[in-house]
file entry34.pdb (PDB, C-alpha atoms, pLDDT in the B column)
ATOM      1  CA  GLU A   1      29.474 -91.116   1.889  1.00 67.00           C
ATOM      2  CA  TYR A   2      25.742 -90.462   1.919  1.00 66.00           C
ATOM      3  CA  GLN A   3      22.922 -91.599  -0.315  1.00 64.00           C
ATOM      4  CA  ALA A   4      19.402 -90.169  -0.036  1.00 61.00           C
ATOM      5  CA  GLY A   5      20.391 -88.612   3.290  1.00 64.00           C
ATOM      6  CA  ASP A   6      21.632 -91.853   4.846  1.00 70.00           C
ATOM      7  CA  PRO A   7      25.261 -92.871   5.489  1.00 72.00           C
ATOM      8  CA  ARG A   8      26.258 -95.546   3.001  1.00 74.00           C
ATOM      9  CA  ALA A   9      30.041 -96.155   3.253  1.00 78.00           C
ATOM     10  CA  PHE A  10      33.302 -95.015   4.876  1.00 81.00           C
ATOM     11  CA  SER A  11      35.352 -92.393   3.036  1.00 80.00           C
ATOM     12  CA  LEU A  12      38.583 -90.946   4.457  1.00 83.00           C
ATOM     13  CA  ARG A  13      40.526 -87.847   3.415  1.00 82.00           C
ATOM     14  CA  GLY A  14      38.183 -87.207   0.489  1.00 81.00           C
ATOM     15  CA  VAL A  15      39.257 -90.419  -1.257  1.00 80.00           C
ATOM     16  CA  ASP A  16      36.644 -92.663  -2.855  1.00 77.00           C
ATOM     17  CA  SER A  17      35.074 -95.178  -0.459  1.00 76.00           C
ATOM     18  CA  THR A  18      36.309 -98.092  -2.608  1.00 77.00           C
ATOM     19  CA  LEU A  19      39.839 -97.122  -1.506  1.00 77.00           C
ATOM     20  CA  THR A  20      39.089 -97.270   2.229  1.00 81.00           C
ATOM     21  CA  ALA A  21      39.820-100.644   3.795  1.00 82.00           C
ATOM     22  CA  VAL A  22      37.335-101.863   6.410  1.00 85.00           C
ATOM     23  CA  THR A  23      38.297-104.618   8.840  1.00 84.00           C
ATOM     24  CA  MET A  24      36.632-106.238  11.812  1.00 84.00           C
ATOM     25  CA  ASP A  25      38.964-107.189  14.654  1.00 83.00           C
ATOM     26  CA  GLY A  26      41.858-106.868  12.162  1.00 81.00           C
ATOM     27  CA  ASN A  27      40.299-109.176   9.549  1.00 81.00           C
ATOM     28  CA  ARG A  28      39.142-107.848   6.178  1.00 81.00           C
ATOM     29  CA  TYR A  29      35.371-107.409   6.138  1.00 78.00           C
ATOM     30  CA  ALA A  30      33.443-109.398   3.521  1.00 72.00           C
ATOM     31  CA  ASN A  31      31.922-107.330   0.735  1.00 71.00           C
ATOM     32  CA  ALA A  32      28.296-107.453  -0.366  1.00 64.00           C
ATOM     33  CA  ALA A  33      27.926-104.248  -2.364  1.00 60.00           C
ATOM     34  CA  SER A  34      24.327-103.792  -3.458  1.00 59.00           C
ATOM     35  CA  SER A  35      24.884-101.903  -6.708  1.00 59.00           C
ATOM     36  CA  THR A  36      28.416-102.366  -8.053  1.00 60.00           C
ATOM     37  CA  ASP A  37      31.273-104.847  -8.240  1.00 62.00           C
ATOM     38  CA  ASN A  38      33.922-103.512  -5.862  1.00 65.00           C
ATOM     39  CA  ARG A  39      35.357-104.073  -2.382  1.00 67.00           C
ATOM     40  CA  ARG A  40      33.451-101.215  -0.740  1.00 73.00           C
ATOM     41  CA  VAL A  41      31.806-102.186   2.539  1.00 77.00           C
ATOM     42  CA  GLU A  42      28.331-100.725   2.856  1.00 77.00           C
ATOM     43  CA  LEU A  43      27.069 -99.819   6.311  1.00 78.00           C
ATOM     44  CA  GLU A  44      23.867-101.819   5.849  1.00 75.00           C
ATOM     45  CA  GLN A  45      26.005-104.942   6.301  1.00 76.00           C
ATOM     46  CA  ILE A  46      27.187-103.961   9.786  1.00 80.00           C
ATOM     47  CA  SER A  47      25.302-104.600  13.017  1.00 79.00           C
ATOM     48  CA  ILE A  48      26.295-101.499  14.980  1.00 80.00           C
ATOM     49  CA  GLN A  49      25.138-103.022  18.292  1.00 81.00           C
ATOM     50  CA  ASN A  50      28.037-105.463  18.046  1.00 83.00           C
ATOM     51  CA  ILE A  51      30.701-102.723  17.802  1.00 86.00           C
ATOM     52  CA  GLU A  52      32.639-101.697  20.923  1.00 85.00           C
ATOM     53  CA  THR A  53      35.120 -99.201  19.448  1.00 88.00           C
ATOM     54  CA  ILE A  54      36.244 -97.939  16.033  1.00 89.00           C
ATOM     55  CA  GLU A  55      39.890 -97.408  15.073  1.00 88.00           C
ATOM     56  CA  VAL A  56      40.544 -95.003  12.182  1.00 88.00           C
ATOM     57  CA  THR A  57      43.910 -94.772  10.398  1.00 86.00           C
ATOM     58  CA  LYS A  58      44.100 -91.883   7.933  1.00 85.00           C
ATOM     59  CA  ALA A  59      47.623 -92.490   6.648  1.00 78.00           C
ATOM     60  CA  PRO A  60      48.493 -95.676   4.714  1.00 74.00           C
ATOM     61  CA  THR A  61      50.906 -97.968   6.550  1.00 77.00           C
ATOM     62  CA  PRO A  62      53.084-100.831   5.229  1.00 79.00           C
ATOM     63  CA  ALA A  63      50.799-103.358   6.945  1.00 77.00           C
ATOM     64  CA  GLN A  64      47.735-102.260   4.980  1.00 76.00           C
ATOM     65  CA  GLU A  65      46.595-103.629   1.657  1.00 77.00           C
ATOM     66  CA  ALA A  66      47.236-101.809  -1.596  1.00 75.00           C
ATOM     67  CA  ASP A  67      43.647-100.540  -1.981  1.00 76.00           C
ATOM     68  CA  ALA A  68      43.720 -98.664   1.356  1.00 77.00           C
ATOM     69  CA  LEU A  69      44.900 -95.399  -0.200  1.00 79.00           C
ATOM     70  CA  GLY A  70      42.419 -93.319   1.761  1.00 79.00           C
ATOM     71  CA  GLY A  71      43.092 -95.094   5.041  1.00 81.00           C
ATOM     72  CA  SER A  72      41.490 -97.871   7.037  1.00 84.00           C
ATOM     73  CA  VAL A  73      38.684 -98.417   9.534  1.00 87.00           C
ATOM     74  CA  ASN A  74      38.936-101.249  12.056  1.00 88.00           C
ATOM     75  CA  LEU A  75      35.756-102.249  13.905  1.00 87.00           C
ATOM     76  CA  ILE A  76      36.369-103.770  17.345  1.00 88.00           C
ATOM     77  CA  THR A  77      33.519-106.069  18.360  1.00 86.00           C
ATOM     78  CA  LYS A  78      32.138-106.602  21.837  1.00 86.00           C
ATOM     79  CA  ASN A  79      33.261-109.564  23.906  1.00 85.00           C
ATOM     80  CA  ALA A  80      32.527-110.742  27.406  1.00 86.00           C
ATOM     81  CA  PHE A  81      36.157-110.390  28.564  1.00 85.00           C
ATOM     82  CA  SER A  82      36.168-106.639  27.948  1.00 82.00           C
ATOM     83  CA  GLN A  83      33.128-106.215  30.224  1.00 78.00           C
ATOM     84  CA  LYS A  84      33.024-106.535  33.983  1.00 79.00           C
ATOM     85  CA  GLY A  85      30.631-109.253  35.088  1.00 82.00           C
ATOM     86  CA  ARG A  86      27.313-110.055  33.503  1.00 88.00           C
ATOM     87  CA  ARG A  87      25.661-107.362  31.409  1.00 89.00           C
ATOM     88  CA  THR A  88      22.111-107.294  30.083  1.00 92.00           C
ATOM     89  CA  ARG A  89      20.486-104.407  28.238  1.00 91.00           C
ATOM     90  CA  LEU A  90      17.144-104.064  26.463  1.00 93.00           C
ATOM     91  CA  ASP A  91      16.063-100.953  24.543  1.00 92.00           C
ATOM     92  CA  LEU A  92      12.559-100.508  23.120  1.00 93.00           C
ATOM     93  CA  ASN A  93      11.493 -97.922  20.564  1.00 89.00           C
ATOM     94  CA  VAL A  94       8.627 -96.917  18.299  1.00 88.00           C
ATOM     95  CA  SER A  95       9.021 -95.566  14.762  1.00 85.00           C
ATOM     96  CA  ALA A  96       6.267 -93.289  13.460  1.00 81.00           C
ATOM     97  CA  ASN A  97       5.672 -90.363  11.130  1.00 75.00           C
ATOM     98  CA  SER A  98       3.647 -87.299  12.074  1.00 76.00           C
ATOM     99  CA  GLU A  99       1.827 -87.495   8.740  1.00 71.00           C
ATOM    100  CA  PHE A 100       0.503 -91.017   9.488  1.00 73.00           C
ATOM    101  CA  LEU A 101      -0.203 -91.135  13.236  1.00 77.00           C
ATOM    102  CA  THR A 102      -2.810 -93.856  13.028  1.00 77.00           C
ATOM    103  CA  PHE A 103      -2.928 -97.587  13.610  1.00 79.00           C
ATOM    104  CA  ASP A 104      -5.162 -98.067  10.578  1.00 81.00           C
ATOM    105  CA  LYS A 105      -3.688 -99.516   7.402  1.00 79.00           C
ATOM    106  CA  SER A 106      -3.110 -97.235   4.408  1.00 75.00           C
ATOM    107  CA  PRO A 107      -1.262 -97.435   1.061  1.00 71.00           C
ATOM    108  CA  GLY A 108       2.489 -97.571   1.474  1.00 67.00           C
ATOM    109  CA  TRP A 109       5.626 -99.042  -0.110  1.00 63.00           C
ATOM    110  CA  LYS A 110       4.200-102.568  -0.306  1.00 66.00           C
ATOM    111  CA  ARG A 111       1.515-103.902  -2.602  1.00 68.00           C
ATOM    112  CA  GLU A 112      -1.044-104.272   0.165  1.00 74.00           C
ATOM    113  CA  PRO A 113      -2.143-101.559   2.676  1.00 77.00           C
ATOM    114  CA  MET A 114       0.074-101.407   5.732  1.00 75.00           C
ATOM    115  CA  ARG A 115       0.447 -99.712   9.083  1.00 77.00           C
ATOM    116  CA  LYS A 116       2.851 -96.787   9.536  1.00 79.00           C
ATOM    117  CA  ILE A 117       3.715 -97.241  13.229  1.00 84.00           C
ATOM    118  CA  TYR A 118       6.338 -99.891  14.012  1.00 85.00           C
ATOM    119  CA  PRO A 119       7.909-101.145  17.245  1.00 89.00           C
ATOM    120  CA  GLY A 120      11.619-101.927  17.497  1.00 91.00           C
ATOM    121  CA  PHE A 121      14.095-103.258  20.024  1.00 92.00           C
ATOM    122  CA  SER A 122      17.777-103.758  20.762  1.00 92.00           C
ATOM    123  CA  PHE A 123      19.081-106.466  23.133  1.00 94.00           C
ATOM    124  CA  TYR A 124      22.577-107.131  24.475  1.00 92.00           C
ATOM    125  CA  TYR A 125      23.856-109.845  26.825  1.00 93.00           C
ATOM    126  CA  SER A 126      27.397-110.791  27.828  1.00 91.00           C
ATOM    127  CA  ASN A 127      28.920-112.977  30.507  1.00 92.00           C
ATOM    128  CA  ALA A 128      32.064-115.016  31.204  1.00 89.00           C
ATOM    129  CA  PHE A 129      31.860-118.570  32.580  1.00 89.00           C
ATOM    130  CA  GLY A 130      34.688-120.368  34.393  1.00 86.00           C
ATOM    131  CA  LYS A 131      37.822-119.137  36.137  1.00 83.00           C
ATOM    132  CA  GLU A 132      40.913-121.041  34.995  1.00 82.00           C
ATOM    133  CA  HIS A 133      40.004-121.135  31.286  1.00 84.00           C
ATOM    134  CA  PRO A 134      36.932-118.883  31.023  1.00 89.00           C
ATOM    135  CA  VAL A 135      34.496-118.912  28.137  1.00 91.00           C
ATOM    136  CA  GLY A 136      32.974-115.593  27.131  1.00 91.00           C
ATOM    137  CA  VAL A 137      29.585-115.212  25.453  1.00 93.00           C
ATOM    138  CA  ALA A 138      28.236-111.974  23.941  1.00 91.00           C
ATOM    139  CA  VAL A 139      24.875-111.849  22.136  1.00 93.00           C
ATOM    140  CA  THR A 140      23.148-108.947  20.387  1.00 92.00           C
ATOM    141  CA  LEU A 141      19.736-108.749  18.712  1.00 93.00           C
ATOM    142  CA  ARG A 142      18.169-105.849  16.881  1.00 91.00           C
ATOM    143  CA  HIS A 143      15.110-104.960  14.803  1.00 91.00           C
ATOM    144  CA  SER A 144      13.944-101.536  13.634  1.00 88.00           C
ATOM    145  CA  VAL A 145      11.932 -99.822  10.902  1.00 84.00           C
ATOM    146  CA  ALA A 146      12.550 -96.214   9.865  1.00 80.00           C
ATOM    147  CA  GLN A 147      10.499 -94.186   7.418  1.00 78.00           C
ATOM    148  CA  LYS A 148      10.561 -90.725   5.872  1.00 75.00           C
ATOM    149  CA  TRP A 149       7.909 -88.728   4.038  1.00 74.00           C
ATOM    150  CA  ILE A 150       9.120 -85.515   2.403  1.00 74.00           C
ATOM    151  CA  PRO A 151       6.859 -83.319   0.232  1.00 75.00           C
ATOM    152  CA  ARG A 152       8.549 -80.657  -1.891  1.00 76.00           C
ATOM    153  CA  GLN A 153       8.125 -78.613  -5.044  1.00 78.00           C
ATOM    154  CA  ASN A 154      10.300 -77.140  -7.806  1.00 80.00           C
ATOM    155  CA  GLN A 155       9.458 -74.113  -9.921  1.00 79.00           C
ATOM    156  CA  THR A 156      10.996 -73.036 -13.221  1.00 78.00           C
ATOM    157  CA  TYR A 157      10.448 -69.412 -14.222  1.00 70.00           C
ATOM    158  CA  LEU A 158      10.330 -67.857 -17.667  1.00 66.00           C
ATOM    159  CA  TYR A 159      11.555 -64.270 -17.895  1.00 62.00           C
ATOM    160  CA  PRO A 160      10.521 -61.767 -20.633  1.00 59.00           C
ATOM    161  CA  ASN A 161      14.007 -61.663 -22.178  1.00 56.00           C
ATOM    162  CA  SER A 162      14.585 -65.442 -22.185  1.00 53.00           C
ATOM    163  CA  GLY A 163      14.857 -67.451 -25.364  1.00 55.00           C
ATOM    164  CA  ALA A 164      13.688 -65.764 -28.557  1.00 53.00           C
ATOM    165  CA  VAL A 165      11.121 -63.559 -26.821  1.00 55.00           C
ATOM    166  CA  ALA A 166      11.907 -59.868 -27.136  1.00 55.00           C
ATOM    167  CA  PRO A 167      11.924 -57.904 -23.834  1.00 55.00           C
ATOM    168  CA  SER A 168       8.602 -56.172 -23.227  1.00 60.00           C
ATOM    169  CA  PRO A 169       6.967 -54.756 -20.095  1.00 60.00           C
ATOM    170  CA  GLU A 170       3.698 -56.249 -21.283  1.00 64.00           C
ATOM    171  CA  VAL A 171       5.058 -59.790 -20.954  1.00 60.00           C
ATOM    172  CA  PRO A 172       5.259 -60.670 -17.216  1.00 64.00           C
ATOM    173  CA  THR A 173       7.571 -63.147 -15.569  1.00 65.00           C
ATOM    174  CA  TYR A 174       5.641 -66.322 -14.848  1.00 65.00           C
ATOM    175  CA  THR A 175       6.106 -69.909 -13.667  1.00 70.00           C
ATOM    176  CA  ARG A 176       6.918 -72.047 -16.697  1.00 74.00           C
ATOM    177  CA  VAL A 177       7.016 -75.452 -14.957  1.00 82.00           C
ATOM    178  CA  LEU A 178       5.650 -76.452 -11.550  1.00 82.00           C
ATOM    179  CA  GLN A 179       6.694 -79.867 -10.184  1.00 83.00           C
ATOM    180  CA  LEU A 180       5.173 -81.382  -7.038  1.00 83.00           C
ATOM    181  CA  PHE A 181       7.099 -84.277  -5.431  1.00 77.00           C
ATOM    182  CA  GLU A 182       6.278 -86.771  -2.707  1.00 75.00           C
ATOM    183  CA  PHE A 183       9.341 -88.693  -1.537  1.00 75.00           C
ATOM    184  CA  GLN A 184       8.895 -91.762   0.686  1.00 75.00           C
ATOM    185  CA  GLN A 185      11.671 -93.891   2.129  1.00 76.00           C
ATOM    186  CA  ALA A 186      11.344 -96.997   4.289  1.00 79.00           C
ATOM    187  CA  GLN A 187      14.141 -99.073   5.784  1.00 81.00           C
ATOM    188  CA  GLN A 188      13.865-102.275   7.769  1.00 85.00           C
ATOM    189  CA  ARG A 189      16.937-103.524   9.632  1.00 87.00           C
ATOM    190  CA  SER A 190      17.423-106.713  11.606  1.00 90.00           C
ATOM    191  CA  GLY A 191      20.570-108.235  13.039  1.00 89.00           C
ATOM    192  CA  ALA A 192      21.872-110.933  15.352  1.00 91.00           C
ATOM    193  CA  THR A 193      25.402-111.663  16.534  1.00 90.00           C
ATOM    194  CA  ILE A 194      26.999-114.189  18.879  1.00 92.00           C
ATOM    195  CA  ASN A 195      30.640-113.893  19.930  1.00 90.00           C
ATOM    196  CA  LEU A 196      32.349-116.802  21.688  1.00 92.00           C
ATOM    197  CA  ASP A 197      35.790-116.442  23.322  1.00 90.00           C
ATOM    198  CA  TYR A 198      37.887-119.123  25.014  1.00 91.00           C
ATOM    199  CA  LYS A 199      40.943-118.019  26.957  1.00 88.00           C
ATOM    200  CA  LEU A 200      43.683-120.648  26.786  1.00 87.00           C
ATOM    201  CA  SER A 201      46.156-118.482  28.682  1.00 85.00           C
ATOM    202  CA  SER A 202      46.784-114.861  29.568  1.00 82.00           C
ATOM    203  CA  ARG A 203      48.216-114.320  26.066  1.00 85.00           C
ATOM    204  CA  THR A 204      46.152-116.692  23.922  1.00 87.00           C
ATOM    205  CA  THR A 205      42.440-116.494  23.165  1.00 86.00           C
ATOM    206  CA  LEU A 206      40.419-118.487  20.659  1.00 90.00           C
ATOM    207  CA  TYR A 207      37.298-116.830  19.310  1.00 86.00           C
ATOM    208  CA  LEU A 208      34.387-117.551  17.014  1.00 89.00           C
ATOM    209  CA  TYR A 209      32.274-114.597  15.870  1.00 87.00           C
ATOM    210  CA  ASN A 210      29.027-114.972  13.927  1.00 87.00           C
ATOM    211  CA  GLN A 211      26.923-112.176  12.480  1.00 85.00           C
ATOM    212  CA  TYR A 212      23.630-112.029  10.608  1.00 87.00           C
ATOM    213  CA  THR A 213      22.260-108.795   9.128  1.00 85.00           C
ATOM    214  CA  TYR A 214      19.140-108.076   7.098  1.00 86.00           C
ATOM    215  CA  PHE A 215      18.389-104.804   5.319  1.00 82.00           C
ATOM    216  CA  ASP A 216      15.364-103.989   3.179  1.00 82.00           C
ATOM    217  CA  GLY A 217      15.115-100.469   1.758  1.00 77.00           C
ATOM    218  CA  HIS A 218      12.525 -98.841  -0.491  1.00 76.00           C
ATOM    219  CA  ASP A 219      12.587 -95.400  -2.110  1.00 75.00           C
ATOM    220  CA  PHE A 220       9.477 -94.066  -3.838  1.00 75.00           C
ATOM    221  CA  ILE A 221       9.008 -90.758  -5.657  1.00 77.00           C
ATOM    222  CA  ARG A 222       5.637 -89.598  -6.929  1.00 76.00           C
ATOM    223  CA  ASP A 223       5.583 -86.391  -8.937  1.00 80.00           C
ATOM    224  CA  VAL A 224       3.262 -84.367 -11.105  1.00 83.00           C
ATOM    225  CA  SER A 225       4.315 -81.544 -13.437  1.00 83.00           C
ATOM    226  CA  PHE A 226       2.368 -78.578 -14.777  1.00 81.00           C
ATOM    227  CA  THR A 227       3.782 -76.756 -17.816  1.00 80.00           C
ATOM    228  CA  ALA A 228       2.453 -73.351 -18.877  1.00 73.00           C
ATOM    229  CA  THR A 229       1.896 -72.372 -22.481  1.00 67.00           C
ATOM    230  CA  THR A 230       4.362 -70.115 -24.293  1.00 58.00           C
ATOM    231  CA  ASP A 231       1.583 -68.263 -26.132  1.00 53.00           C
ATOM    232  CA  HIS A 232       1.760 -64.770 -24.595  1.00 50.00           C
ATOM    233  CA  GLN A 233      -1.714 -63.915 -25.922  1.00 48.00           C
ATOM    234  CA  PHE A 234      -3.005 -66.700 -23.676  1.00 43.00           C
ATOM    235  CA  ILE A 235      -1.318 -65.652 -20.428  1.00 43.00           C
ATOM    236  CA  ARG A 236      -2.298 -62.000 -20.465  1.00 42.00           C
TER     237      ARG A 236
END

call {"tool": "encode", "arguments": {"input": "entry34.pdb", "output": "structure tokens"}}
result
Amino acid sequence: EYQAGDPRAFSLRGVDSTLTAVTMDGNRYANAASSTDNRRVELEQISIQNIETIEVTKAPTPAQEADALGGSVNLITKNAFSQKGRRTRLDLNVSANSEFLTFDKSPGWKREPMRKIYPGFSFYYSNAFGKEHPVGVAVTLRHSVAQKWIPRQNQTYLYPNSGAVAPSPEVPTYTRVLQLFEFQQAQQRSGATINLDYKLSSRTTLYLYNQYTYFDGHDFIRDVSFTATTDHQFIR
């Protein structure tokens, strides 16, 4: 499911997202819905850098809970044992908008003037220590800011034969309402995860997974409307 052009939740087979079960490593994911009281998992809660694979089941199975009518999504997290050797990765990025390509501060979605160019990064590290009973460590860090600026307009026309106005060639078709919109959206995301695995034997592994996510989103719409008069003597 999408909201304001951004993916918000999982929905399978056209069924409402509240009826799609989301688990992480087989365990039911905690819910922190931002707008309603339900068990829907919103994607803002998930640190995607910590996900290795995604398992999707579209048909309900006896092992699933009763609210998984649409299906289920199981998120498999990264761990050091699934990687070969030590792995380190660092990605850097810059978020900017072509309408505000300047380092100077200007009015934005906060009370005080702010800059519109933001740096971001993503970091991943994993390694296994020991041989007989190895301990695996996987760490991810992430920070990013995304922004959109979309200008648009809507026009409502009045035709000569609309309403109670009698058709007449002397009455032209004209714009009845003109609306000018400026839509701004800003999203700040930060996340950190640390996954610890301890292999007791070839068949038994103890693990402790910790995740922290932060999401701050702002949507702003500025609009101005112009409405024409209905007095046809005036518009001629």

call {"tool": "closest_residue", "arguments": {"input": "entry34.pdb", "among": "A:Pro107, A:Val177, A:Ser190, A:Ala63", "to": "Phe121 in chain A", "atoms": "only C-alpha atoms"}}
result
A:Ser190

call {"tool": "atom_distance", "arguments": {"input": "entry34.pdb", "atom1": "CA of Arg40 in chain A", "atom2": "CA of Ala192 in chain A"}}
result
22.1 Å

call {"tool": "closest_residue", "arguments": {"input": "entry34.pdb", "among": "A:Leu75, A:Leu12, A:Leu69, A:Val137", "to": "Tyr29 in chain A", "atoms": "all atoms listed in the file"}}
result
A:Leu75

call {"tool": "resolve_selection", "arguments": {"input": "entry34.pdb", "expression": "the PyMOL selection byres ((chain A and resi 148-158) around 6)", "output": "list in words"}}
result
Gln147, Tyr159, Thr173, Tyr174, Thr175, Arg176, Val177, Leu178, Gln179, Leu180, Phe181, Glu182, Phe183, Gln184 and Gln185 of chain A

call {"tool": "closest_residue", "arguments": {"input": "entry34.pdb", "among": "A:Tyr125, A:Phe81, A:Tyr118, A:Phe10", "to": "Asp197 in chain A", "atoms": "only C-alpha atoms"}}
result
A:Phe81

call {"tool": "closest_residue", "arguments": {"input": "entry34.pdb", "among": "A:Val22, A:Ala30, A:Leu43, A:Met114", "to": "Val56 in chain A", "atoms": "only C-alpha atoms"}}
result
A:Val22

call {"tool": "atom_distance", "arguments": {"input": "entry34.pdb", "atom1": "CA of Lys58 in chain A", "atom2": "CA of Asn31 in chain A"}}
result
20.9 Å

call {"tool": "closest_residue", "arguments": {"input": "entry34.pdb", "among": "A:Ala186, A:Leu200, A:Leu92, A:Ala80", "to": "His133 in chain A", "atoms": "all atoms listed in the file"}}
result
A:Leu200

call {"tool": "resolve_selection", "arguments": {"input": "entry34.pdb", "expression": "the PyMOL selection byres ((chain A and resi 128) around 8)", "output": "PDB file with C-alpha atoms, in the coordinates of the input"}}
result
ATOM      1  CA  ALA A  80      32.527-110.742  27.406  1.00 86.00           C
ATOM      2  CA  PHE A  81      36.157-110.390  28.564  1.00 85.00           C
ATOM      3  CA  GLY A  85      30.631-109.253  35.088  1.00 82.00           C
ATOM      4  CA  ARG A  86      27.313-110.055  33.503  1.00 88.00           C
ATOM      5  CA  SER A 126      27.397-110.791  27.828  1.00 91.00           C
ATOM      6  CA  ASN A 127      28.920-112.977  30.507  1.00 92.00           C
ATOM      7  CA  PHE A 129      31.860-118.570  32.580  1.00 89.00           C
ATOM      8  CA  GLY A 130      34.688-120.368  34.393  1.00 86.00           C
ATOM      9  CA  PRO A 134      36.932-118.883  31.023  1.00 89.00           C
ATOM     10  CA  VAL A 135      34.496-118.912  28.137  1.00 91.00           C
ATOM     11  CA  GLY A 136      32.974-115.593  27.131  1.00 91.00           C
ATOM     12  CA  VAL A 137      29.585-115.212  25.453  1.00 93.00           C
TER      13      VAL A 137
END

call {"tool": "closest_residue", "arguments": {"input": "entry34.pdb", "among": "A:Ser11, A:Gln45, A:Ser122, A:Asn210", "to": "Leu90 in chain A", "atoms": "all atoms listed in the file"}}
result
A:Ser122

call {"tool": "atom_distance", "arguments": {"input": "entry34.pdb", "atom1": "CA of Glu42 in chain A", "atom2": "CA of Ala9 in chain A"}}
result
4.9 Å

call {"tool": "resolve_selection", "arguments": {"input": "entry34.pdb", "expression": "the PyMOL selection byres ((chain A and resi 116) around 9)", "output": "mmCIF file with C-alpha atoms, in the coordinates of the input"}}
result
data_model
loop_
_atom_site.group_PDB
_atom_site.id
_atom_site.type_symbol
_atom_site.label_atom_id
_atom_site.label_comp_id
_atom_site.auth_asym_id
_atom_site.auth_seq_id
_atom_site.Cartn_x
_atom_site.Cartn_y
_atom_site.Cartn_z
ATOM 1 C CA SER A 95 9.021 -95.566 14.762
ATOM 2 C CA ALA A 96 6.267 -93.289 13.460
ATOM 3 C CA ASN A 97 5.672 -90.363 11.130
ATOM 4 C CA PHE A 100 0.503 -91.017 9.488
ATOM 5 C CA LEU A 101 -0.203 -91.135 13.236
ATOM 6 C CA THR A 102 -2.810 -93.856 13.028
ATOM 7 C CA PHE A 103 -2.928 -97.587 13.610
ATOM 8 C CA ASP A 104 -5.162 -98.067 10.578
ATOM 9 C CA LYS A 105 -3.688 -99.516 7.402
ATOM 10 C CA SER A 106 -3.110 -97.235 4.408
ATOM 11 C CA GLY A 108 2.489 -97.571 1.474
ATOM 12 C CA MET A 114 0.074 -101.407 5.732
ATOM 13 C CA ARG A 115 0.447 -99.712 9.083
ATOM 14 C CA ILE A 117 3.715 -97.241 13.229
ATOM 15 C CA TYR A 118 6.338 -99.891 14.012
ATOM 16 C CA GLN A 147 10.499 -94.186 7.418
#

call {"tool": "residues_near_point", "arguments": {"input": "entry34.pdb", "point": "(47.8, -100.2, 5.0)", "cutoff": "12 Å", "atoms": "only C-alpha atoms", "output": "JSON, numbers by chain"}}
result
{"A": [19, 20, 21, 22, 23, 26, 28, 56, 57, 58, 59, 60, 61, 62, 63, 64, 65, 66, 67, 68, 69, 70, 71, 72, 73, 74]}

call {"tool": "axis_aligned_box", "arguments": {"input": "entry34.pdb", "around": "range 194-198 of chain A", "padding_each_side": "3 Å", "output": "AutoDock Vina command-line options"}}
result
--center_x 32.4 --center_y -116.5 --center_z 21.9 --size_x 16.9 --size_y 11.2 --size_z 12.1
